[in-house]
$ cat coords06.cif   # mmCIF, C-alpha atoms and all ligand atoms
data_protein
loop_
_atom_site.label_atom_id
_atom_site.label_comp_id
_atom_site.auth_asym_id
_atom_site.auth_seq_id
_atom_site.Cartn_x
_atom_site.Cartn_y
_atom_site.Cartn_z
CA MET A 4 -39.46 -33.26 -39.66
CA ASP A 5 -40.80 -30.21 -37.78
CA LEU A 6 -40.19 -30.18 -34.05
CA VAL A 7 -43.10 -29.33 -31.81
CA LEU A 8 -40.78 -27.66 -29.35
CA ASP A 9 -43.35 -24.90 -29.15
CA GLU A 10 -45.18 -27.13 -26.68
CA LEU A 11 -43.81 -26.80 -23.17
CA LYS A 12 -44.17 -29.70 -20.73
CA VAL A 13 -43.19 -29.59 -17.06
CA PHE A 14 -42.95 -32.76 -14.98
CA SER A 15 -42.16 -33.33 -11.33
CA GLY A 16 -40.22 -36.00 -9.49
CA ASN A 17 -41.02 -36.73 -5.87
CA GLY A 18 -38.35 -34.25 -4.72
CA HIS A 19 -40.52 -31.10 -4.58
CA PRO A 20 -43.99 -31.45 -6.12
CA GLU A 21 -45.23 -28.26 -4.38
CA LEU A 22 -42.58 -26.17 -6.12
CA THR A 23 -43.40 -27.80 -9.48
CA GLN A 24 -47.08 -26.97 -8.95
CA ALA A 25 -46.21 -23.35 -8.14
CA VAL A 26 -43.98 -23.11 -11.23
CA CYS A 27 -46.79 -24.50 -13.39
CA ASP A 28 -49.24 -22.04 -11.79
CA TYR A 29 -46.86 -19.25 -12.84
CA LEU A 30 -46.67 -20.67 -16.38
CA ASP A 31 -50.42 -21.28 -16.39
CA ILE A 32 -50.02 -24.88 -17.57
CA PRO A 33 -50.92 -28.15 -15.84
CA VAL A 34 -48.17 -30.27 -14.28
CA GLY A 35 -47.35 -33.08 -16.74
CA GLN A 36 -48.81 -36.47 -15.90
CA SER A 37 -46.22 -38.98 -14.70
CA GLU A 38 -45.60 -41.48 -11.94
CA ALA A 39 -42.45 -42.36 -10.05
CA PHE A 40 -42.39 -44.98 -7.33
CA LYS A 41 -40.36 -47.86 -5.93
CA PHE A 42 -41.02 -51.55 -6.31
CA ALA A 43 -40.74 -53.84 -3.29
CA ASN A 44 -37.16 -54.61 -4.37
CA ASP A 45 -36.27 -50.89 -3.88
CA ASN A 46 -35.93 -50.31 -7.66
CA THR A 47 -37.28 -46.94 -8.82
CA PHE A 48 -39.80 -46.95 -11.67
CA VAL A 49 -40.93 -43.94 -13.70
CA ARG A 50 -43.62 -43.62 -16.35
CA ILE A 51 -44.55 -40.54 -18.37
CA LEU A 52 -48.31 -40.73 -18.78
CA GLU A 53 -48.74 -38.45 -21.80
CA ASN A 54 -47.28 -37.97 -25.25
CA ILE A 55 -44.06 -35.93 -25.15
CA ARG A 56 -42.76 -36.78 -28.63
CA GLN A 57 -40.63 -33.80 -29.81
CA ARG A 58 -41.90 -31.64 -26.90
CA ASP A 59 -39.76 -29.18 -24.89
CA VAL A 60 -39.63 -31.05 -21.57
CA PHE A 61 -38.57 -29.63 -18.17
CA LEU A 62 -38.10 -32.05 -15.25
CA ILE A 63 -38.11 -30.37 -11.82
CA GLN A 64 -36.23 -32.28 -9.14
CA PRO A 65 -33.96 -30.88 -6.40
CA THR A 66 -31.37 -33.50 -5.44
CA CYS A 67 -31.95 -32.91 -1.73
CA ALA A 68 -32.59 -35.64 0.85
CA PRO A 69 -33.25 -38.44 0.20
CA THR A 70 -30.43 -37.41 -2.13
CA ASN A 71 -29.60 -40.69 -3.80
CA ASP A 72 -33.26 -41.57 -4.36
CA ASN A 73 -34.04 -38.13 -5.78
CA LEU A 74 -30.96 -38.22 -8.00
CA MET A 75 -31.71 -41.72 -9.28
CA GLU A 76 -35.32 -40.74 -9.90
CA LEU A 77 -34.17 -37.72 -11.92
CA LEU A 78 -31.82 -39.89 -14.01
CA ILE A 79 -34.57 -42.41 -14.69
CA MET A 80 -37.03 -39.63 -15.59
CA ILE A 81 -34.51 -38.25 -18.08
CA ASP A 82 -34.07 -41.73 -19.55
CA ALA A 83 -37.84 -42.23 -19.79
CA CYS A 84 -38.22 -38.89 -21.59
CA LYS A 85 -35.35 -39.63 -23.97
CA ARG A 86 -36.85 -43.01 -24.88
CA ALA A 87 -40.24 -41.32 -25.33
CA SER A 88 -38.60 -39.12 -28.03
CA ALA A 89 -38.78 -35.78 -26.18
CA GLY A 90 -37.46 -32.99 -28.40
CA ARG A 91 -35.35 -31.42 -25.67
CA ILE A 92 -34.91 -32.30 -21.99
CA THR A 93 -33.96 -29.72 -19.37
CA ALA A 94 -33.12 -30.99 -15.88
CA VAL A 95 -34.34 -28.29 -13.49
CA ILE A 96 -32.36 -28.84 -10.28
CA PRO A 97 -33.22 -26.03 -7.81
CA TYR A 98 -30.74 -27.53 -5.31
CA TYR A 99 -27.74 -29.44 -6.66
CA GLY A 100 -26.87 -32.11 -4.09
CA TYR A 101 -23.25 -33.32 -3.89
CA GLY A 102 -22.20 -29.79 -4.91
CA ARG A 103 -20.04 -29.54 -1.78
CA THR A 104 -17.88 -32.42 -3.01
CA ASP A 105 -16.42 -30.34 -5.82
CA LYS A 106 -12.64 -30.70 -5.52
CA LYS A 107 -9.93 -33.14 -4.55
CA ASP A 108 -8.81 -31.39 -1.38
CA GLN A 109 -7.61 -34.52 0.44
CA PRO A 110 -5.81 -37.58 -0.87
CA ARG A 111 -7.99 -40.34 -2.37
CA VAL A 112 -11.34 -38.48 -2.26
CA PRO A 113 -13.91 -38.30 -5.10
CA ILE A 114 -15.25 -35.27 -6.95
CA THR A 115 -18.85 -36.40 -6.68
CA GLY A 116 -20.24 -33.09 -7.98
CA ARG A 117 -18.53 -33.91 -11.29
CA LEU A 118 -19.66 -37.55 -11.25
CA VAL A 119 -23.29 -36.43 -10.82
CA ALA A 120 -22.90 -34.00 -13.74
CA ASP A 121 -21.62 -36.87 -15.89
CA LEU A 122 -24.55 -39.06 -14.85
CA ILE A 123 -27.11 -36.37 -15.71
CA THR A 124 -25.48 -35.79 -19.09
CA ALA A 125 -25.14 -39.52 -19.85
CA ALA A 126 -28.80 -40.06 -18.95
CA GLY A 127 -29.70 -37.71 -21.80
CA ALA A 128 -30.33 -34.20 -20.42
CA ASP A 129 -29.79 -31.48 -23.03
CA ARG A 130 -29.59 -28.59 -20.56
CA VAL A 131 -29.55 -27.87 -16.84
CA LEU A 132 -31.33 -25.08 -14.98
CA THR A 133 -30.24 -24.63 -11.37
CA ILE A 134 -30.05 -22.10 -8.54
CA ASP A 135 -27.05 -20.94 -6.49
CA LEU A 136 -24.57 -23.78 -6.95
CA HIS A 137 -22.19 -24.31 -4.04
CA ALA A 138 -19.45 -22.97 -6.36
CA GLY A 139 -20.04 -21.37 -9.76
CA GLN A 140 -17.30 -23.53 -11.28
CA ILE A 141 -19.60 -26.56 -10.98
CA GLN A 142 -21.22 -25.22 -14.18
CA GLY A 143 -18.05 -26.37 -15.92
CA PHE A 144 -18.56 -29.96 -14.75
CA PHE A 145 -21.24 -30.19 -17.46
CA ASN A 146 -20.60 -30.36 -21.20
CA ILE A 147 -24.18 -29.23 -21.83
CA PRO A 148 -25.52 -25.69 -21.28
CA VAL A 149 -26.15 -24.73 -17.65
CA ASP A 150 -28.25 -21.75 -16.61
CA GLU A 151 -27.50 -20.90 -12.98
CA LEU A 152 -30.04 -18.56 -11.42
CA THR A 153 -29.62 -16.86 -8.07
CA ALA A 154 -32.17 -16.44 -5.29
CA MET A 155 -30.20 -13.44 -4.08
CA PRO A 156 -32.61 -10.78 -5.46
CA ILE A 157 -35.56 -12.55 -3.80
CA LEU A 158 -33.74 -12.72 -0.45
CA THR A 159 -32.37 -9.18 -0.56
CA ASN A 160 -35.64 -7.62 -1.74
CA TYR A 161 -37.30 -9.17 1.32
CA ILE A 162 -34.54 -7.91 3.64
CA LYS A 163 -34.97 -4.39 2.16
CA THR A 164 -38.63 -4.36 3.26
CA LYS A 165 -37.47 -4.70 6.87
CA GLU A 166 -35.69 -1.32 6.65
CA ILE A 167 -32.92 -2.42 9.05
CA SER A 168 -30.73 0.56 9.83
CA ASP A 169 -26.93 0.48 9.98
CA LEU A 170 -26.71 -2.97 8.41
CA VAL A 171 -23.51 -4.91 7.73
CA VAL A 172 -23.57 -8.03 5.54
CA VAL A 173 -21.39 -10.84 6.87
CA ALA A 174 -19.92 -13.68 4.81
CA VAL A 175 -19.92 -16.68 7.12
CA ASP A 176 -16.71 -17.95 5.58
CA ILE A 177 -14.13 -16.78 3.09
CA GLY A 178 -15.51 -19.07 0.37
CA ILE A 179 -18.84 -17.23 0.28
CA SER A 180 -17.35 -13.73 0.53
CA LYS A 181 -17.68 -12.87 -3.18
CA ARG A 182 -21.39 -13.67 -3.18
CA ALA A 183 -21.85 -11.93 0.18
CA ARG A 184 -20.23 -8.86 -1.40
CA ASP A 185 -22.94 -8.96 -4.09
CA VAL A 186 -25.58 -9.16 -1.35
CA ALA A 187 -23.95 -6.19 0.40
CA GLU A 188 -23.99 -4.21 -2.85
CA ARG A 189 -27.66 -4.97 -3.39
CA LEU A 190 -28.40 -3.76 0.14
CA ASN A 191 -26.03 -0.82 -0.08
CA ALA A 192 -24.29 -2.08 3.07
CA PRO A 193 -20.64 -2.76 4.01
CA LEU A 194 -19.20 -6.27 4.13
CA ALA A 195 -17.51 -8.20 6.94
CA ILE A 196 -16.11 -11.72 6.76
CA ILE A 197 -15.88 -14.52 9.30
CA GLU A 198 -12.80 -16.66 9.06
CA LYS A 199 -13.86 -20.25 9.73
CA ARG A 200 -11.95 -23.47 9.80
CA ARG A 201 -13.81 -26.74 9.34
CA LEU A 202 -12.80 -29.61 11.66
CA GLY A 203 -12.62 -32.91 9.77
CA ASN A 204 -15.40 -34.30 7.55
CA ASN A 205 -18.10 -34.65 10.19
CA ASP A 206 -20.23 -31.54 9.53
CA ARG A 207 -18.83 -29.69 12.59
CA SER A 208 -17.33 -26.26 12.07
CA GLU A 209 -15.47 -23.71 14.16
CA THR A 210 -15.80 -19.96 13.86
CA LEU A 211 -12.58 -18.12 14.50
CA ASN A 212 -12.45 -14.45 13.71
CA VAL A 213 -14.65 -11.53 12.56
CA ILE A 214 -12.85 -9.44 9.94
CA GLY A 215 -14.38 -5.98 9.47
CA ASP A 216 -16.23 -3.27 11.34
CA VAL A 217 -19.40 -4.72 12.92
CA GLU A 218 -19.60 -3.17 16.39
CA GLY A 219 -22.87 -1.33 17.03
CA LYS A 220 -24.37 -2.47 13.71
CA ALA A 221 -27.14 -4.89 12.75
CA ALA A 222 -25.66 -7.90 10.97
CA LEU A 223 -27.04 -10.06 8.15
CA THR A 224 -25.17 -13.31 7.65
CA PHE A 225 -25.15 -14.84 4.18
CA ASP A 226 -24.40 -18.42 3.13
CA ASP A 227 -25.45 -20.66 0.24
CA GLU A 228 -27.02 -23.39 2.40
CA ILE A 229 -27.91 -24.32 5.96
CA LEU A 230 -27.49 -27.97 6.91
CA THR A 231 -27.01 -28.46 10.66
CA GLY A 232 -27.11 -24.71 11.25
CA GLY A 233 -23.69 -24.91 12.93
CA THR A 234 -21.96 -22.50 10.56
CA VAL A 235 -24.51 -19.68 10.80
CA ILE A 236 -25.24 -20.16 14.52
CA HIS A 237 -21.53 -19.97 15.38
CA ALA A 238 -21.32 -16.91 13.14
CA ALA A 239 -24.21 -15.28 15.05
CA ASP A 240 -22.48 -16.01 18.39
CA ALA A 241 -19.21 -14.54 17.13
CA LEU A 242 -21.01 -11.44 15.85
CA ILE A 243 -22.84 -10.84 19.14
CA ASP A 244 -19.48 -11.24 20.95
CA ALA A 245 -18.04 -8.68 18.52
CA GLY A 246 -20.74 -6.17 19.50
CA VAL A 247 -23.50 -6.32 16.86
CA THR A 248 -26.89 -5.11 18.09
CA GLU A 249 -28.99 -7.75 16.31
CA VAL A 250 -28.37 -10.46 13.77
CA TYR A 251 -30.40 -11.79 10.82
CA CYS A 252 -29.61 -14.73 8.57
CA CYS A 253 -30.24 -15.37 4.91
CA ALA A 254 -29.27 -18.42 2.87
CA THR A 255 -30.56 -19.88 -0.37
CA HIS A 256 -30.96 -23.58 0.38
CA PRO A 257 -32.71 -24.81 3.58
CA VAL A 258 -31.15 -28.27 3.48
CA PHE A 259 -31.97 -28.49 7.23
CA SER A 260 -30.88 -31.61 9.09
CA VAL A 261 -33.46 -32.93 11.58
CA GLU A 262 -32.08 -30.85 14.43
CA ALA A 263 -31.42 -27.63 12.44
CA PRO A 264 -34.83 -25.89 12.85
CA ALA A 265 -34.81 -26.28 16.66
CA ARG A 266 -31.21 -25.06 16.82
CA LEU A 267 -32.11 -22.03 14.68
CA ALA A 268 -35.15 -21.35 16.90
CA LYS A 269 -32.87 -21.20 19.97
CA SER A 270 -30.19 -19.17 18.18
CA LYS A 271 -29.49 -15.45 18.51
CA PHE A 272 -31.00 -14.76 15.07
CA GLN A 273 -34.01 -12.45 14.86
CA GLU A 274 -35.05 -14.19 11.63
CA VAL A 275 -33.70 -16.82 9.25
CA VAL A 276 -34.70 -16.18 5.63
CA VAL A 277 -34.37 -18.99 3.08
CA ALA A 278 -35.73 -19.95 -0.35
CA ASP A 279 -37.91 -22.96 -1.17
CA THR A 280 -35.36 -24.65 -3.43
CA VAL A 281 -35.68 -27.59 -1.02
CA PRO A 282 -39.02 -28.49 0.61
CA VAL A 283 -39.45 -27.22 4.18
CA PRO A 284 -42.24 -29.36 5.66
CA SER A 285 -44.34 -27.94 8.49
CA ASN A 286 -42.39 -29.92 11.12
CA LYS A 287 -39.24 -28.07 10.03
CA ARG A 288 -40.79 -24.60 10.24
CA ASN A 289 -40.95 -22.31 13.25
CA GLY A 290 -41.52 -18.64 14.00
CA LYS A 291 -37.93 -17.69 13.20
CA ILE A 292 -37.85 -19.24 9.73
CA THR A 293 -39.20 -17.35 6.70
CA VAL A 294 -39.40 -19.30 3.42
CA LEU A 295 -39.57 -17.29 0.17
CA SER A 296 -40.59 -18.93 -3.08
CA VAL A 297 -38.40 -19.22 -6.17
CA ALA A 298 -41.38 -20.47 -8.23
CA SER A 299 -41.80 -17.30 -10.28
CA LEU A 300 -38.01 -17.06 -10.86
CA LEU A 301 -37.90 -20.65 -12.13
CA GLY A 302 -41.14 -20.25 -14.07
CA GLU A 303 -39.88 -17.13 -15.82
CA ALA A 304 -36.53 -18.81 -16.60
CA ILE A 305 -38.31 -21.87 -18.04
CA TYR A 306 -40.50 -19.61 -20.15
CA ARG A 307 -37.47 -17.69 -21.45
CA ILE A 308 -35.46 -20.86 -22.21
CA HIS A 309 -38.49 -22.26 -24.01
CA LYS A 310 -38.92 -19.08 -26.06
CA GLY A 311 -35.19 -18.61 -26.68
CA ASN A 312 -35.12 -15.32 -24.75
CA SER A 313 -32.37 -14.03 -22.46
CA VAL A 314 -32.19 -15.58 -19.00
CA GLY A 315 -29.45 -13.15 -17.93
CA GLU A 316 -32.01 -10.34 -17.69
CA LEU A 317 -33.48 -12.15 -14.67
CA PHE A 318 -30.44 -11.19 -12.61
CA ASN A 319 -31.55 -7.57 -12.70
CA ILE A 320 -34.92 -8.04 -10.97
C1 LIG A 401 -20.06 -24.89 3.33
O1 LIG A 401 -19.06 -24.74 2.65
C2 LIG A 401 -21.39 -24.30 2.98
O2 LIG A 401 -21.25 -23.09 2.29
C3 LIG A 401 -22.21 -24.09 4.23
O3 LIG A 401 -21.53 -23.20 5.08
C4 LIG A 401 -22.47 -25.36 4.95
O4 LIG A 401 -23.02 -26.29 4.07
C5 LIG A 401 -23.42 -25.18 6.11
O5 LIG A 401 -23.48 -26.37 6.84
P1 LIG A 401 -23.90 -26.36 8.38
O6 LIG A 401 -25.25 -25.67 8.46
O7 LIG A 401 -23.98 -27.83 8.74
O8 LIG A 401 -22.86 -25.66 9.15
#
$ encode --input "coords06.cif" --output "C-alpha cells"
Amino acid sequence: MDLVLDELKVFSGNGHPELTQAVCDYLDIPVGQSEAFKFANDNTFVRILENIRQRDVFLIQPTCAPTNDNLMELLIMIDACKRASAGRITAVIPYYGYGRTDKKDQPRVPITGRLVADLITAAGADRVLTIDLHAGQIQGFFNIPVDELTAMPILTNYIKTKEISDLVVVAVDIGISKRARDVAERLNAPLAIIEKRRLGNNDRSETLNVIGDVEGKAALTFDDEILTGGTVIHAADALIDAGVTEVYCCATHPVFSVEAPARLAKSKFQEVVVADTVPVPSNKRNGKITVLSVASLLGEAIYRIHKGNSVGELFNI
C-alpha cells in the first residue's frame, strides 16, 4: 500500500497554540483540527477531527507548566494518532520538561527525563523534534530519532544587532560553559564562567566566583532556561561586583515562575532575551523582557523532516 506521507499535518495540544499557529503560518498550512480537554473527573480526552490515515503527523506540545497535564495530553494525542493509523508521528517538544532530572546524582532519586522519553516512545511517537535540551545526552534517552535544534542563532543574531562593544559572554554555571562558548564564538567575544553551587533541591542557588576577565566589559549571560530567575540574577550581581559596565541576559526557555518576571524587571539586566519555546503570557512580560520566535526555525525543520532533507543545515543560519 502506498503511504500518503506526502501530506503534512500539524496539530496542537493546549501547551502553546500560538506557536503552533505561527509554525503553520510559516508552512502555509492550516492547523489540524483536534480537541483536547478534561472531563469533570480530571481525565484528559483528545480527538483528532480529520482523517490522518497514513499522513505525516507533527504534534506540537512543549511540556512546560502545567507540566504533567501537558505531558499527559501529548501522550494521549500520540495514542489517538497511532490508533487513527497516522503514517508517521513526530512529537515536537520545543521545551522538554523534566530534562533537569537527567541523572542519579543523589541516592534513591529517579531519572525522570528518561522515564518521560520511555513514555513518549511507548505511546507511539516515531520521532522527536526539540530545542535546546537541558543536556544533549538526553537525546540518548530515546530509542527513536531525535532532532535537537538550537535557538542560539536566533538569540545571538538579535544580540549582534545591538552592536554592544567590548562584550564578554558569561556561562552562568560550569554545566552550560560549552554552549556559552558556542555563543561567544558566534558573537566573536571572549568567554567567562561563573562557578555556582546549588543549595539542596529547593530551586535556590548561590553564585560563588567569576572566572575570567570581565572588568570594564559589557557582559552577556547565557543559560538554557530561566525558572525563578535566581541563577541569572545572582550572576548579574556577581558580574557588577566584578566590574562589568552593563549586563544583558539571554536564555532559550522562559519557564518563568510566577515571581520571575518581576524579579527580572528589578534586576541589574539591561535586557533579558528569550525564545518563545514556552508561552510568555502578557502578565509575564515587561519592558526588560524580549521574546524572539522560534516558529520559522521549527517550521523549516518540520518541512525538512517531511521532505527528507538535512536538518543539520539549520545550525548554520
Ligand atoms: C540549571 O541547571 C539550569 O541550567 C538553569 O540554570 C536553571 O534551571 C535556572 O533556574 P532558576 O532561574 O530558578 O535559577
$ residues_near_ligand --input "coords06.cif" --ligand "ligand LIG 401 (chain A)" --cutoff "10 Å" --atoms "only C-alpha atoms and all ligand atoms" --output "PDB file with C-alpha atoms, in the frame of the given file"
ATOM      1  CA  GLY A 102     -22.200 -29.790  -4.910  1.00  0.00           C
ATOM      2  CA  ARG A 103     -20.040 -29.540  -1.780  1.00  0.00           C
ATOM      3  CA  THR A 104     -17.880 -32.420  -3.010  1.00  0.00           C
ATOM      4  CA  LEU A 136     -24.570 -23.780  -6.950  1.00  0.00           C
ATOM      5  CA  HIS A 137     -22.190 -24.310  -4.040  1.00  0.00           C
ATOM      6  CA  ALA A 138     -19.450 -22.970  -6.360  1.00  0.00           C
ATOM      7  CA  ALA A 174     -19.920 -13.680   4.810  1.00  0.00           C
ATOM      8  CA  VAL A 175     -19.920 -16.680   7.120  1.00  0.00           C
ATOM      9  CA  ASP A 176     -16.710 -17.950   5.580  1.00  0.00           C
ATOM     10  CA  ILE A 177     -14.130 -16.780   3.090  1.00  0.00           C
ATOM     11  CA  GLY A 178     -15.510 -19.070   0.370  1.00  0.00           C
ATOM     12  CA  ILE A 179     -18.840 -17.230   0.280  1.00  0.00           C
ATOM     13  CA  LYS A 199     -13.860 -20.250   9.730  1.00  0.00           C
ATOM     14  CA  ARG A 201     -13.810 -26.740   9.340  1.00  0.00           C
ATOM     15  CA  ASN A 205     -18.100 -34.650  10.190  1.00  0.00           C
ATOM     16  CA  ASP A 206     -20.230 -31.540   9.530  1.00  0.00           C
ATOM     17  CA  ARG A 207     -18.830 -29.690  12.590  1.00  0.00           C
ATOM     18  CA  SER A 208     -17.330 -26.260  12.070  1.00  0.00           C
ATOM     19  CA  GLU A 209     -15.470 -23.710  14.160  1.00  0.00           C
ATOM     20  CA  PHE A 225     -25.150 -14.840   4.180  1.00  0.00           C
ATOM     21  CA  ASP A 226     -24.400 -18.420   3.130  1.00  0.00           C
ATOM     22  CA  ASP A 227     -25.450 -20.660   0.240  1.00  0.00           C
ATOM     23  CA  GLU A 228     -27.020 -23.390   2.400  1.00  0.00           C
ATOM     24  CA  ILE A 229     -27.910 -24.320   5.960  1.00  0.00           C
ATOM     25  CA  LEU A 230     -27.490 -27.970   6.910  1.00  0.00           C
ATOM     26  CA  THR A 231     -27.010 -28.460  10.660  1.00  0.00           C
ATOM     27  CA  GLY A 232     -27.110 -24.710  11.250  1.00  0.00           C
ATOM     28  CA  GLY A 233     -23.690 -24.910  12.930  1.00  0.00           C
ATOM     29  CA  THR A 234     -21.960 -22.500  10.560  1.00  0.00           C
ATOM     30  CA  VAL A 235     -24.510 -19.680  10.800  1.00  0.00           C
ATOM     31  CA  ILE A 236     -25.240 -20.160  14.520  1.00  0.00           C
ATOM     32  CA  HIS A 237     -21.530 -19.970  15.380  1.00  0.00           C
ATOM     33  CA  ALA A 238     -21.320 -16.910  13.140  1.00  0.00           C
ATOM     34  CA  ALA A 254     -29.270 -18.420   2.870  1.00  0.00           C
ATOM     35  CA  HIS A 256     -30.960 -23.580   0.380  1.00  0.00           C
ATOM     36  CA  PRO A 257     -32.710 -24.810   3.580  1.00  0.00           C
ATOM     37  CA  VAL A 258     -31.150 -28.270   3.480  1.00  0.00           C
ATOM     38  CA  PHE A 259     -31.970 -28.490   7.230  1.00  0.00           C
ATOM     39  CA  SER A 260     -30.880 -31.610   9.090  1.00  0.00           C
ATOM     40  CA  ALA A 263     -31.420 -27.630  12.440  1.00  0.00           C
ATOM     41  CA  LEU A 267     -32.110 -22.030  14.680  1.00  0.00           C
TER      42      LEU A 267
END
$ closest_residue --input "coords06.cif" --among "A:Glu316, A:Glu274, A:Glu151, A:Glu38" --to "Tyr251 (chain A)" --atoms "all atoms listed in the file"
A:Glu274
$ closest_residue --input "coords06.cif" --among "A:Ala192, A:Asp169, A:Val186, A:Asp82" --to "Gly219 (chain A)" --atoms "all atoms listed in the file"
A:Asp169
$ closest_residue --input "coords06.cif" --among "A:Ile79, A:Leu74, A:Leu223, A:Ile114" --to "Tyr98 (chain A)" --atoms "all atoms listed in the file"
A:Leu74
$ residues_around --input "coords06.cif" --residues "Leu78 (chain A)" --least-positions-apart "2" --cutoff "8 Å" --atoms "all atoms listed in the file" --output "list in words"
Leu74, Met75, Glu76, Met80, Ile81, Asp82, Leu122, Ile123 and Ala126 of chain A
$ atom_distance --input "coords06.cif" --atom1 "CA of Ala125 (chain A)" --atom2 "CA of Lys85 (chain A)"
11.0 Å
$ atom_distance --input "coords06.cif" --atom1 "CA of Thr23 (chain A)" --atom2 "CA of Arg189 (chain A)"
28.4 Å
$ closest_residue --input "coords06.cif" --among "A:Glu10, A:Asp72, A:Asp216, A:Asp28" --to "Phe48 (chain A)" --atoms "all atoms listed in the file"
A:Asp72
$ atom_distance --input "coords06.cif" --atom1 "CA of Lys106 (chain A)" --atom2 "CA of Leu62 (chain A)"
27.3 Å
$ residues_near_point --input "coords06.cif" --point "(-30.1, -33.0, -21.8)" --cutoff "12 Å" --atoms "only C-alpha atoms" --output "number ranges by chain"
A: 59-62, 77-78, 80-82, 84-85, 89-95, 120-132, 145-149
$ closest_residue --input "coords06.cif" --among "A:Gln273, A:Asn73, A:Gln57, A:Ser37" --to "Lys291 (chain A)" --atoms "only C-alpha atoms"
A:Gln273
$ residues_around --input "coords06.cif" --residues "region 157-162 of chain A" --least-positions-apart "6" --cutoff "8 Å" --atoms "only C-alpha atoms" --output "NGL selection string"
:A and (186 or 189-190 or 253-255 or 276-278 or 295 or 297)
$ residues_near_point --input "coords06.cif" --point "(-38.9, -22.0, -25.1)" --cutoff "8 Å" --atoms "all atoms listed in the file" --output "mmCIF file with C-alpha atoms, keeping the file's coordinate frame"
data_model
loop_
_atom_site.group_PDB
_atom_site.id
_atom_site.type_symbol
_atom_site.label_atom_id
_atom_site.label_comp_id
_atom_site.auth_asym_id
_atom_site.auth_seq_id
_atom_site.Cartn_x
_atom_site.Cartn_y
_atom_site.Cartn_z
ATOM 1 C CA LEU A 8 -40.780 -27.660 -29.350
ATOM 2 C CA ASP A 9 -43.350 -24.900 -29.150
ATOM 3 C CA LEU A 11 -43.810 -26.800 -23.170
ATOM 4 C CA ASP A 59 -39.760 -29.180 -24.890
ATOM 5 C CA ILE A 305 -38.310 -21.870 -18.040
ATOM 6 C CA TYR A 306 -40.500 -19.610 -20.150
ATOM 7 C CA ARG A 307 -37.470 -17.690 -21.450
ATOM 8 C CA ILE A 308 -35.460 -20.860 -22.210
ATOM 9 C CA HIS A 309 -38.490 -22.260 -24.010
ATOM 10 C CA LYS A 310 -38.920 -19.080 -26.060
ATOM 11 C CA GLY A 311 -35.190 -18.610 -26.680
ATOM 12 C CA ASN A 312 -35.120 -15.320 -24.750
#
$ closest_residue --input "coords06.cif" --among "A:Ser180, A:Glu303, A:Phe14, A:Thr280" --to "Tyr99 (chain A)" --atoms "all atoms listed in the file"
A:Thr280
$ residues_around --input "coords06.cif" --residues "Tyr29 (chain A)" --least-positions-apart "2" --cutoff "9 Å" --atoms "only C-alpha atoms" --output "list in words"
Gln24, Ala25, Val26, Cys27, Asp31, Ile32, Ala298, Ser299, Gly302 and Glu303 of chain A
$ write_last_selection --input "coords06.cif" --atoms "C-alpha atoms" --output "compact mmCIF listing (two decimals), in the coordinates of the input"
# COMPACT_ATOMS: atom_id res chain seq x y z
CA GLN A 24 -47.08 -26.97 -8.95
CA ALA A 25 -46.21 -23.35 -8.14
CA VAL A 26 -43.98 -23.11 -11.23
CA CYS A 27 -46.79 -24.50 -13.39
CA ASP A 31 -50.42 -21.28 -16.39
CA ILE A 32 -50.02 -24.88 -17.57
CA ALA A 298 -41.38 -20.47 -8.23
CA SER A 299 -41.80 -17.30 -10.28
CA GLY A 302 -41.14 -20.25 -14.07
CA GLU A 303 -39.88 -17.13 -15.82
$ axis_aligned_box --input "coords06.cif" --around "region 262-266 of chain A" --padding-each-side "5 Å" --output "AutoDock Vina command-line options"
--center_x -33.0 --center_y -28.0 --center_z 14.6 --size_x 13.6 --size_y 15.8 --size_z 14.4
$ build_atoms --input "coords06.cif" --residues "region 38-45 of chain A" --atoms "N, CA, C and O atoms" --output "PDB file, in the frame of the given file"
ATOM      1  N   GLU A  38     -45.660 -40.808 -13.240  1.00  0.00           N
ATOM      2  CA  GLU A  38     -45.600 -41.480 -11.940  1.00  0.00           C
ATOM      3  C   GLU A  38     -44.173 -41.941 -11.700  1.00  0.00           C
ATOM      4  O   GLU A  38     -43.439 -42.271 -12.647  1.00  0.00           O
ATOM      5  N   ALA A  39     -43.787 -41.902 -10.438  1.00  0.00           N
ATOM      6  CA  ALA A  39     -42.450 -42.360 -10.050  1.00  0.00           C
ATOM      7  C   ALA A  39     -42.582 -43.012  -8.686  1.00  0.00           C
ATOM      8  O   ALA A  39     -43.052 -42.384  -7.740  1.00  0.00           O
ATOM      9  N   PHE A  40     -42.234 -44.269  -8.607  1.00  0.00           N
ATOM     10  CA  PHE A  40     -42.390 -44.980  -7.330  1.00  0.00           C
ATOM     11  C   PHE A  40     -41.359 -46.099  -7.269  1.00  0.00           C
ATOM     12  O   PHE A  40     -40.641 -46.376  -8.249  1.00  0.00           O
ATOM     13  N   LYS A  41     -41.317 -46.766  -6.111  1.00  0.00           N
ATOM     14  CA  LYS A  41     -40.360 -47.860  -5.930  1.00  0.00           C
ATOM     15  C   LYS A  41     -41.089 -49.186  -5.851  1.00  0.00           C
ATOM     16  O   LYS A  41     -42.143 -49.276  -5.196  1.00  0.00           O
ATOM     17  N   PHE A  42     -40.511 -50.194  -6.465  1.00  0.00           N
ATOM     18  CA  PHE A  42     -41.020 -51.550  -6.310  1.00  0.00           C
ATOM     19  C   PHE A  42     -40.552 -52.096  -4.953  1.00  0.00           C
ATOM     20  O   PHE A  42     -39.684 -51.500  -4.297  1.00  0.00           O
ATOM     21  N   ALA A  43     -41.099 -53.234  -4.582  1.00  0.00           N
ATOM     22  CA  ALA A  43     -40.740 -53.840  -3.290  1.00  0.00           C
ATOM     23  C   ALA A  43     -39.249 -54.152  -3.216  1.00  0.00           C
ATOM     24  O   ALA A  43     -38.671 -54.232  -2.137  1.00  0.00           O
ATOM     25  N   ASN A  44     -38.605 -54.317  -4.380  1.00  0.00           N
ATOM     26  CA  ASN A  44     -37.160 -54.610  -4.370  1.00  0.00           C
ATOM     27  C   ASN A  44     -36.312 -53.337  -4.319  1.00  0.00           C
ATOM     28  O   ASN A  44     -35.123 -53.371  -4.582  1.00  0.00           O
ATOM     29  N   ASP A  45     -36.955 -52.178  -4.029  1.00  0.00           N
ATOM     30  CA  ASP A  45     -36.270 -50.890  -3.880  1.00  0.00           C
ATOM     31  C   ASP A  45     -35.860 -50.273  -5.229  1.00  0.00           C
ATOM     32  O   ASP A  45     -35.203 -49.230  -5.262  1.00  0.00           O
TER      33      ASP A  45
END
